[in-house]
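Everything below concerns the one structure shown next.
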Amino acid sequence: PASLQHQFSYTLSDNWGNELLSYTAPTSQLVGKRLTLSYVPADQATTDLIASYLPKPNADGSPIRPDQLPTSLPGYLIRLKPTITLDGQVVAQSSTAVTMGTDLQGQGGFTQLHNPTQWDLTPDASHTAGQATAIGISAGGISAKQLDTLKTRLENTKTQLQANNLQNLTGEQISGDLLTATIWSWFAAAESHNRLSQNQAGMVENPGLSYGLFHAVADPIYSWGVVR
C-alpha cells in the first residue's frame, strides 16, 4: 500500500519562499535512473537569444571547437523554467520563469525509514538558475549494475558524438549522464570506504536512503543587483 512505500521529494523555491517546482515519487521508481534538474527557455525570444550567441558552422566544414563556444551569456535578458527529468522524460516543470543566474533554494529528502508517513527533508542553497544538476539517489547503496548500465550509455554517447550522429542526443542526456556518473561514483566510493572502516572497527553499517547534488556550476556576475 502507498502508506508503506518510501517516497522521495524535491522542491525548488525562490528566495522569497515561493515554490517554483515540486516532484514526489516512490523511491523504488527512481533508483538507478538519471534524475536531473535543468532549465529550459521560457519563451521563443529566449531561445532565439541563446541561439544568437552560439557559433555558426565553420566555412571549411570542420567541427565547432570548444574555444568557439561562448563563455558567458547576458543573464538579465534570459528567462528560464526549472525542469526535473527522469531518464529523459519531463516529470515536473515550473510554470514560473526566472532570470538566468538567480539564486534559488532547494529542499529534498525521503520519508522516514521507521515511519513512511513522515518526512525527513534537508534544505540546500547551492542552486543557480541555468545550472545543470544531477540528483543522485543511494537507496541502501549504489549497485554495480546501475554503474555498468551508465557506463554503457556513456560509451554509446561517445560513439555517436565521434560519428557526428546527433539526432538522438540531447543536452540533458549528455550532461545528465556525466554529472550522474560523478555523484553515483562518490556514493560508491564512500560506501567502499565505510565497509573498510567498519571491518577494522568491528562494526556493521546498513546504509539507508541518501541523495546528493552535483552541479555544472554557473557563476553569475552582478552589476547593481542585475545579473549581467
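Ordering of the C-alpha cells sets the chain letters (A, B, ...), residue numbers begin anew at 1 in every chain, and ligands are numbered from 1 in the order given.
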Task: All strand (DSSP E or B) residues (DSSP, backbone) inside chain A, as a count of residues only - done: 81
TODO: Identify all residues of range 131-223 of chain A in helix (DSSP H, G or I) (DSSP on the backbone) and supply them as a PyMOL selection string.
DONE: chain A and resi 144-162+171-201
TODO: Do a neighbour search on Asp148 in chain A at 12 Å with only C-alpha atoms, toss out local chain neighbours closer than 4 positions, and write the hits as a list in words.
DONE: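 Skipping anything fewer than 4 positions along the chain leaves Gly32, Ile142, Ser143, Ala144, Thr152, Arg153, Leu154, Glu155, Ala181, Trp184 and Ser185 of chain A.
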List the spatial neighbours of Asn18 in chain A as a PDB file with N, CA, C and O atoms, in the first residue's frame - criterion: any atom at most 12 Å away, only C-alpha atoms, same-chain residues fewer than 2 positions off excluded.
ATOM      1  N   THR A  11      11.821  19.947  -3.932  1.00  0.00           N
ATOM      2  CA  THR A  11      11.159  21.192  -4.291  1.00  0.00           C
ATOM      3  C   THR A  11      12.213  22.271  -4.531  1.00  0.00           C
ATOM      4  O   THR A  11      13.319  22.228  -3.978  1.00  0.00           O
ATOM      5  N   LEU A  12      11.864  23.235  -5.367  1.00  0.00           N
ATOM      6  CA  LEU A  12      12.734  24.359  -5.677  1.00  0.00           C
ATOM      7  C   LEU A  12      11.917  25.632  -5.496  1.00  0.00           C
ATOM      8  O   LEU A  12      10.791  25.729  -5.994  1.00  0.00           O
ATOM      9  N   SER A  13      12.478  26.587  -4.773  1.00  0.00           N
ATOM     10  CA  SER A  13      11.762  27.830  -4.469  1.00  0.00           C
ATOM     11  C   SER A  13      12.663  29.020  -4.732  1.00  0.00           C
ATOM     12  O   SER A  13      13.901  28.900  -4.816  1.00  0.00           O
ATOM     13  N   ASP A  14      12.037  30.200  -4.872  1.00  0.00           N
ATOM     14  CA  ASP A  14      12.833  31.411  -4.986  1.00  0.00           C
ATOM     15  C   ASP A  14      13.222  31.901  -3.594  1.00  0.00           C
ATOM     16  O   ASP A  14      12.866  31.295  -2.578  1.00  0.00           O
ATOM     17  N   ASN A  15      13.965  32.996  -3.532  1.00  0.00           N
ATOM     18  CA  ASN A  15      14.478  33.484  -2.248  1.00  0.00           C
ATOM     19  C   ASN A  15      13.391  34.036  -1.336  1.00  0.00           C
ATOM     20  O   ASN A  15      13.649  34.314  -0.160  1.00  0.00           O
ATOM     21  N   TRP A  16      12.171  34.197  -1.857  1.00  0.00           N
ATOM     22  CA  TRP A  16      11.060  34.679  -1.042  1.00  0.00           C
ATOM     23  C   TRP A  16      10.185  33.531  -0.557  1.00  0.00           C
ATOM     24  O   TRP A  16       9.143  33.743   0.031  1.00  0.00           O
ATOM     25  N   LEU A  20       8.583  27.023  -6.852  1.00  0.00           N
ATOM     26  CA  LEU A  20       8.650  27.025  -8.305  1.00  0.00           C
ATOM     27  C   LEU A  20       8.380  25.655  -8.890  1.00  0.00           C
ATOM     28  O   LEU A  20       7.813  25.532  -9.980  1.00  0.00           O
ATOM     29  N   LEU A  21       8.771  24.633  -8.153  1.00  0.00           N
ATOM     30  CA  LEU A  21       8.782  23.285  -8.700  1.00  0.00           C
ATOM     31  C   LEU A  21       8.699  22.287  -7.563  1.00  0.00           C
ATOM     32  O   LEU A  21       9.317  22.483  -6.520  1.00  0.00           O
ATOM     33  N   SER A  22       7.942  21.217  -7.754  1.00  0.00           N
ATOM     34  CA  SER A  22       7.855  20.167  -6.743  1.00  0.00           C
ATOM     35  C   SER A  22       7.676  18.822  -7.432  1.00  0.00           C
ATOM     36  O   SER A  22       6.908  18.703  -8.393  1.00  0.00           O
ATOM     37  N   SER A  94       8.325  24.028 -13.909  1.00  0.00           N
ATOM     38  CA  SER A  94       7.754  25.222 -13.308  1.00  0.00           C
ATOM     39  C   SER A  94       6.910  25.984 -14.323  1.00  0.00           C
ATOM     40  O   SER A  94       7.244  26.041 -15.509  1.00  0.00           O
ATOM     41  N   THR A  96       6.485  29.113 -13.709  1.00  0.00           N
ATOM     42  CA  THR A  96       7.027  30.446 -13.486  1.00  0.00           C
ATOM     43  C   THR A  96       8.440  30.536 -14.053  1.00  0.00           C
ATOM     44  O   THR A  96       9.261  29.658 -13.830  1.00  0.00           O
ATOM     45  N   VAL A  98      12.208  32.291 -14.367  1.00  0.00           N
ATOM     46  CA  VAL A  98      13.167  33.001 -13.514  1.00  0.00           C
ATOM     47  C   VAL A  98      14.303  33.517 -14.384  1.00  0.00           C
ATOM     48  O   VAL A  98      14.572  32.991 -15.467  1.00  0.00           O
ATOM     49  N   LEU A 104      18.535  30.204  -6.148  1.00  0.00           N
ATOM     50  CA  LEU A 104      17.306  29.503  -5.782  1.00  0.00           C
ATOM     51  C   LEU A 104      17.571  28.592  -4.594  1.00  0.00           C
ATOM     52  O   LEU A 104      18.715  28.223  -4.313  1.00  0.00           O
ATOM     53  N   GLN A 105      16.503  28.215  -3.913  1.00  0.00           N
ATOM     54  CA  GLN A 105      16.599  27.363  -2.731  1.00  0.00           C
ATOM     55  C   GLN A 105      15.976  26.000  -3.021  1.00  0.00           C
ATOM     56  O   GLN A 105      14.850  25.923  -3.517  1.00  0.00           O
ATOM     57  N   GLY A 106      16.693  24.944  -2.705  1.00  0.00           N
ATOM     58  CA  GLY A 106      16.180  23.596  -2.876  1.00  0.00           C
ATOM     59  C   GLY A 106      15.891  22.936  -1.537  1.00  0.00           C
ATOM     60  O   GLY A 106      16.419  23.350  -0.492  1.00  0.00           O
TER      61      GLY A 106
END
- [ ] Fewer than 4 positions away in the same chain doesn't count, so skip those; otherwise give me all residues within 7 Å of range 162-174 of chain A, counting only C-alpha atoms, as a PyMOL selection string.
- [x] chain A and resi 88+158+178
Write to file, as a PDB file, in the first residue's frame, the residues of the selection just made, with all heavy atoms.
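Result file is part39.pdb:
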ATOM      1  N   GLY A  88      15.229  11.094 -19.149  1.00  0.00           N
ATOM      2  CA  GLY A  88      14.883  11.780 -20.383  1.00  0.00           C
ATOM      3  C   GLY A  88      13.447  12.240 -20.498  1.00  0.00           C
ATOM      4  O   GLY A  88      13.100  12.943 -21.448  1.00  0.00           O
ATOM      5  N   LYS A 158      29.465   8.547 -26.604  1.00  0.00           N
ATOM      6  CA  LYS A 158      30.760   8.897 -27.173  1.00  0.00           C
ATOM      7  C   LYS A 158      30.856   8.441 -28.627  1.00  0.00           C
ATOM      8  O   LYS A 158      31.332   9.193 -29.501  1.00  0.00           O
ATOM      9  CB  LYS A 158      31.879   8.253 -26.349  1.00  0.00           C
ATOM     10  CG  LYS A 158      33.280   8.538 -26.875  1.00  0.00           C
ATOM     11  CD  LYS A 158      34.336   7.845 -26.020  1.00  0.00           C
ATOM     12  CE  LYS A 158      35.735   8.078 -26.573  1.00  0.00           C
ATOM     13  NZ  LYS A 158      36.768   7.369 -25.760  1.00  0.00           N
ATOM     14  N   LEU A 178      26.884  12.536 -17.460  1.00  0.00           N
ATOM     15  CA  LEU A 178      28.210  12.862 -16.938  1.00  0.00           C
ATOM     16  C   LEU A 178      28.134  13.268 -15.465  1.00  0.00           C
ATOM     17  O   LEU A 178      28.947  12.831 -14.645  1.00  0.00           O
ATOM     18  CB  LEU A 178      28.841  13.983 -17.764  1.00  0.00           C
ATOM     19  CG  LEU A 178      29.279  13.608 -19.182  1.00  0.00           C
ATOM     20  CD1 LEU A 178      29.655  14.861 -19.964  1.00  0.00           C
ATOM     21  CD2 LEU A 178      30.449  12.629 -19.153  1.00  0.00           C
TER      22      LEU A 178
END
Open item on the list: So, with only C-alpha atoms as the atoms that count, which of A:Arg34, A:Ala218, A:Ala125, A:His6 lies closest to Val90 in chain A?
Closed with: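 Looking only at the distances to Val90 in chain A, the closest residue turns out to be A:Arg34.
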Task: Top pick for closest residue to Pro207 in chain A, considering A:Glu19, A:Glu191, A:Asp124, A:Asp219 and counting only C-alpha atoms - done: A:Glu191
TODO: Take CA of Gln89 in chain A and CA of Thr36 in chain A and report the distance between them in Å, one decimal.
DONE: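 Between CA of Gln89 in chain A and CA of Thr36 in chain A the gap works out to 10.1 Å.
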TODO: Write out as a PyMOL selection string which residues come within 9 Å of Ser210 in chain A when counting only C-alpha atoms, dropping same-chain ones fewer than 3 positions away.
DONE: chain A and resi 109-110+136-141+187+207
